[in-house]
Amino acid sequence: MNNKIIYLFLILGMVLYMGASANAVEGPTAQLKPTLKALTDILSDESLKGDGHRTERRTKVMTAIKIGFDFQEMSKRILGRTWNEIGADEQKLFTELMTKLLENVYIGKLESYSGQQIEYLEERIKGDRAQVTTSVDNKGVKIPMHYILNLSGSKWMVYDINIEGVSLVRNYMEQFKTILRKEKFTGLIKVLEEKNRSFETVKKEGK
Amino acid sequence: MNTLRTRALMLFFLLLLACSSGGIRAANAIGSAQPDLLSDEVSEDEEGSDKGIADPLEPFNRVVFAFNDKLYFWVLKPVKIGYAAVVPKDIRVCLGNFVSNLATPVVLINTLLQGRWDDAGIVLSRFGVNTVLGVYGFGDPAASEFGLASRSADFGQTLGVYGAGEGLYLYWPLFGPSNIRDSIGLVADNLAQPINHLQIDSAQRLSYSGGSYLNKLSLGSDVYEEMKKYSLDPYVSAREAYHEYRNARIEGKKFNQNDNSSPVGLEILPGIEKQIFPSFEKQL
């Protein structure tokens, strides 16, 4: 009997607590949903399909994605300690190059999107960070995708994507570590520029 | 003859009965327990301490990486494209089903060793359903009709579940990324493959392995090419992805993912078979 009362209070407390924090800011899932919706809308827009609309489509996607994705935070985390050792100009340059690369990688991949449903499975908040688990259904094969978000002000912004345990940020971070060790920041910039150029040439060859 | 068939059928239904309850519970559990990815946050000053992957053989591994790269683009890819052009996809899928159905014992042993009772039940049910209704495992009615998606488990994972460390990172010719633990697992799983206990000569065995390898290759997405395209140092990217992917599978063995990768044996070569980056699978 006593136990029951304790449980009741516990639950009541939890509900109140959650209610209070939810009132303060909209939750990460609630904030992520419209961004992903906007993206899938653009990608399934018939008038934007095909190679001819590529630039237009990309611009739209990038505008939409920047509302919910924090590319600077991504770049910062990818660069790790080096981020603090470089100047503001270099930080800006790196963020630009990194955004371009992520555009080529992530959006390039997104472009093969063909109406798959995104399911929101779970949300987990720890302090000012959150994890939203989604699942993309691709012909019966469910691919779990976790978005990792960071609370800046009242906005939950995505800074990492994790698929089956593999983190996008960490993967690039590890790659850059070896490059930074050998060729320093200038070397890394050069490699990044080269990589971004490789997407351009592929595009041209493809046409 | 007739009695044998009735007996087999009865056995099958008994099996189904025994396993269905477990199957349903496991299916419901999907998605309920997601891995906690917030706890392994990289702290800013962690970089110096290389708690990551032990790769003292990196120079050697990189040579093998380069070799596999050439092997892929010069040999495997053309063969794969040729094969995919000649054999229709439906048939390739059936062959793939047959191969993974035959490997059921390996997965079953490992799910049991890992204490994944529900998954073991599903593996058994799948074997029963697919062998009988799926005509010796060529079809996969267990997944399409009964909603029992395939499970995978391997001995490297089992070792990891019991706390074995991964040891050195290794990059094998043809097989690609691995480590000491998973290499031992690969050998052990291979020993448990029924095909290796049949009275057939080594040439037949080799052609079975080669055939199933090629078949699997033709059905997978071009993960390796994708990874190469998107990374600045593909070697490090593959190493990191393999490490994290395997760890997630060991830690997350509790959260049942819909894992349709076929089990064991021939892990797909130079890259890992799972998506490293967001990918809507493109298939040949």
# chains A, B, ... in the order shown; residues from 1 in each chain; ligands from 1
$ residues_around --residues "range 30-33 of chain A" --least-positions-apart "4" --cutoff "10 Å" --atoms "only C-alpha atoms" --output "VMD selection string"
chain A and resid 25 to 26 37 to 39 67 to 69 118 120 132 147 149 155 to 158
$ residues_around --residues "range 113-116 of chain A" --least-positions-apart "6" --cutoff "8 Å" --atoms "only C-alpha atoms" --output "compact mmCIF listing (two decimals) with N, CA and C atoms, in the first residue's frame"
# COMPACT_ATOMS: atom_id res chain seq x y z
N THR A 40 12.14 16.23 -47.16
CA THR A 40 11.52 15.20 -47.99
C THR A 40 10.53 15.81 -48.97
N LEU A 43 12.56 17.01 -51.83
CA LEU A 43 13.11 15.89 -52.58
C LEU A 43 12.05 15.10 -53.35
N SER A 44 10.79 15.19 -52.88
CA SER A 44 9.77 14.47 -53.66
C SER A 44 8.97 15.41 -54.56
N VAL A 136 14.15 4.55 -41.18
CA VAL A 136 13.74 4.76 -42.55
C VAL A 136 13.41 3.41 -43.16
N ASP A 137 12.21 3.30 -43.66
CA ASP A 137 11.78 2.04 -44.22
C ASP A 137 12.09 2.02 -45.71
N ASN A 138 12.97 1.13 -46.08
CA ASN A 138 13.32 1.03 -47.49
C ASN A 138 12.99 -0.37 -47.98
N PHE B 280 20.12 5.18 -49.06
CA PHE B 280 18.97 4.43 -49.49
C PHE B 280 19.51 3.45 -50.50
$ residues_around --residues "Val169 in chain A" --least-positions-apart "2" --cutoff "6 Å" --atoms "only C-alpha atoms" --output "list in words"
Ile78, Asp160, Ser167, Asn171, Tyr172 and Met173 of chain A
$ atom_distance --atom1 "CA of Ala188 in chain B" --atom2 "CA of Leu148 in chain B"
26.5 Å
$ interface_residues --of "chain B" --to "chain A" --cutoff "6 Å" --atoms "only C-alpha atoms" --output "ChimeraX atom specification"
/B:233,236-237,241,244-245,248,279
$ select_by_dssp --residues "range 1-183 of chain A" --states "strand (DSSP E or B)" --output "PyMOL selection string"
chain A and resi 69+118-126+129-138+141-152+155-163+166-167
$ write_last_selection --atoms "N, CA and C atoms" --output "short mmCIF file (atom, residue, chain, number, x, y, z; two decimals), in the first residue's frame"
data_model
loop_
_atom_site.label_atom_id
_atom_site.label_comp_id
_atom_site.auth_asym_id
_atom_site.auth_seq_id
_atom_site.Cartn_x
_atom_site.Cartn_y
_atom_site.Cartn_z
N PHE A 69 19.94 21.93 -38.88
CA PHE A 69 21.27 21.33 -38.76
C PHE A 69 22.30 22.42 -38.51
N ILE A 118 9.64 8.13 -42.85
CA ILE A 118 10.50 8.27 -41.68
C ILE A 118 9.64 8.07 -40.44
N GLU A 119 10.08 7.15 -39.62
CA GLU A 119 9.34 6.84 -38.41
C GLU A 119 10.13 7.38 -37.22
N TYR A 120 9.45 8.03 -36.29
CA TYR A 120 10.15 8.55 -35.11
C TYR A 120 9.97 7.57 -33.97
N LEU A 121 11.06 6.99 -33.53
CA LEU A 121 10.95 5.91 -32.57
C LEU A 121 11.14 6.35 -31.12
N GLU A 122 12.13 7.16 -30.89
CA GLU A 122 12.45 7.46 -29.50
C GLU A 122 13.20 8.78 -29.39
N GLU A 123 13.09 9.36 -28.23
CA GLU A 123 13.79 10.61 -27.97
C GLU A 123 14.44 10.49 -26.60
N ARG A 124 15.66 10.97 -26.51
CA ARG A 124 16.35 10.89 -25.22
C ARG A 124 17.05 12.22 -25.00
N ILE A 125 16.85 12.80 -23.85
CA ILE A 125 17.47 14.09 -23.57
C ILE A 125 18.40 13.96 -22.38
N LYS A 126 19.59 14.50 -22.53
CA LYS A 126 20.52 14.53 -21.40
C LYS A 126 21.12 15.93 -21.36
N ARG A 129 21.81 18.05 -24.57
CA ARG A 129 21.98 17.23 -25.76
C ARG A 129 20.85 16.22 -25.85
N ALA A 130 20.54 15.86 -27.07
CA ALA A 130 19.43 14.93 -27.25
C ALA A 130 19.70 13.97 -28.39
N GLN A 131 19.01 12.86 -28.34
CA GLN A 131 19.14 11.86 -29.38
C GLN A 131 17.75 11.51 -29.87
N VAL A 132 17.54 11.67 -31.17
CA VAL A 132 16.25 11.30 -31.73
C VAL A 132 16.46 10.12 -32.66
N THR A 133 15.79 9.03 -32.36
CA THR A 133 15.96 7.83 -33.16
C THR A 133 14.84 7.72 -34.19
N THR A 134 15.23 7.62 -35.44
CA THR A 134 14.25 7.45 -36.50
C THR A 134 14.55 6.15 -37.23
N SER A 135 13.62 5.75 -38.02
CA SER A 135 13.84 4.56 -38.80
C SER A 135 13.31 4.82 -40.20
N VAL A 136 14.15 4.55 -41.18
CA VAL A 136 13.74 4.76 -42.55
C VAL A 136 13.41 3.41 -43.16
N ASP A 137 12.21 3.30 -43.66
CA ASP A 137 11.78 2.04 -44.22
C ASP A 137 12.09 2.02 -45.71
N ASN A 138 12.97 1.13 -46.08
CA ASN A 138 13.32 1.03 -47.49
C ASN A 138 12.99 -0.37 -47.98
N VAL A 141 13.17 -3.06 -45.48
CA VAL A 141 14.38 -3.05 -44.66
C VAL A 141 14.42 -1.76 -43.86
N LYS A 142 14.39 -1.90 -42.55
CA LYS A 142 14.37 -0.70 -41.71
C LYS A 142 15.78 -0.28 -41.36
N ILE A 143 16.12 0.94 -41.70
CA ILE A 143 17.45 1.44 -41.38
C ILE A 143 17.33 2.41 -40.22
N PRO A 144 17.87 2.05 -39.06
CA PRO A 144 17.77 2.96 -37.92
C PRO A 144 18.76 4.12 -38.07
N MET A 145 18.26 5.32 -37.85
CA MET A 145 19.11 6.50 -37.96
C MET A 145 18.93 7.34 -36.71
N HIS A 146 20.03 7.67 -36.07
CA HIS A 146 19.93 8.49 -34.87
C HIS A 146 20.46 9.89 -35.16
N TYR A 147 19.66 10.87 -34.80
CA TYR A 147 20.13 12.26 -34.92
C TYR A 147 20.56 12.73 -33.54
N ILE A 148 21.72 13.33 -33.46
CA ILE A 148 22.19 13.85 -32.19
C ILE A 148 22.07 15.36 -32.24
N LEU A 149 21.38 15.92 -31.26
CA LEU A 149 21.11 17.36 -31.28
C LEU A 149 21.68 18.07 -30.07
N ASN A 150 21.85 19.34 -30.27
CA ASN A 150 22.45 20.20 -29.26
C ASN A 150 21.50 21.37 -29.05
N LEU A 151 21.26 21.72 -27.80
CA LEU A 151 20.35 22.84 -27.55
C LEU A 151 21.14 24.15 -27.52
N SER A 152 20.84 25.02 -28.49
CA SER A 152 21.49 26.33 -28.44
C SER A 152 20.38 27.37 -28.37
N LYS A 155 16.73 26.45 -29.54
CA LYS A 155 16.71 25.62 -30.74
C LYS A 155 17.49 24.34 -30.55
N TRP A 156 16.84 23.24 -30.90
CA TRP A 156 17.56 21.97 -30.93
C TRP A 156 18.14 21.82 -32.34
N MET A 157 19.48 21.74 -32.43
CA MET A 157 20.11 21.64 -33.74
C MET A 157 20.88 20.33 -33.87
N VAL A 158 20.74 19.69 -35.03
CA VAL A 158 21.44 18.43 -35.28
C VAL A 158 22.93 18.70 -35.51
N TYR A 159 23.78 17.96 -34.82
CA TYR A 159 25.20 18.09 -35.12
C TYR A 159 25.88 16.76 -35.43
N ASP A 160 25.14 15.68 -35.32
CA ASP A 160 25.74 14.40 -35.71
C ASP A 160 24.65 13.43 -36.13
N ILE A 161 25.02 12.54 -37.02
CA ILE A 161 24.10 11.50 -37.45
C ILE A 161 24.77 10.17 -37.19
N ASN A 162 24.03 9.26 -36.63
CA ASN A 162 24.62 7.97 -36.28
C ASN A 162 23.78 6.85 -36.90
N ILE A 163 24.43 6.03 -37.68
CA ILE A 163 23.74 4.90 -38.29
C ILE A 163 24.41 3.61 -37.87
N VAL A 166 27.66 3.92 -36.22
CA VAL A 166 28.71 4.67 -36.89
C VAL A 166 28.35 6.14 -36.94
N SER A 167 29.19 6.95 -36.29
CA SER A 167 28.91 8.38 -36.22
C SER A 167 29.62 9.13 -37.33
#
$ atom_distance --atom1 "CA of Gly147 in chain B" --atom2 "CA of Ser100 in chain B"
17.1 Å
$ closest_residue --among "B:Ala153, B:Ile250, B:Ala66, B:Val75" --to "Glu166 in chain B" --atoms "only C-alpha atoms"
B:Ile250
$ closest_residue --among "B:Thr158, B:Phe67, B:Ala84, B:Leu168" --to "Gly185 in chain B" --atoms "only C-alpha atoms"
B:Thr158
$ select_by_dssp --residues "range 5-196 of chain A" --states "helix (DSSP H, G or I)" --output "VMD selection string"
chain A and resid 5 to 24 28 to 44 46 to 48 51 to 68 71 to 79 82 to 85 88 to 110 168 to 196
$ atom_distance --atom1 "CA of Ala64 in chain A" --atom2 "CA of Ser47 in chain A"
17.0 Å
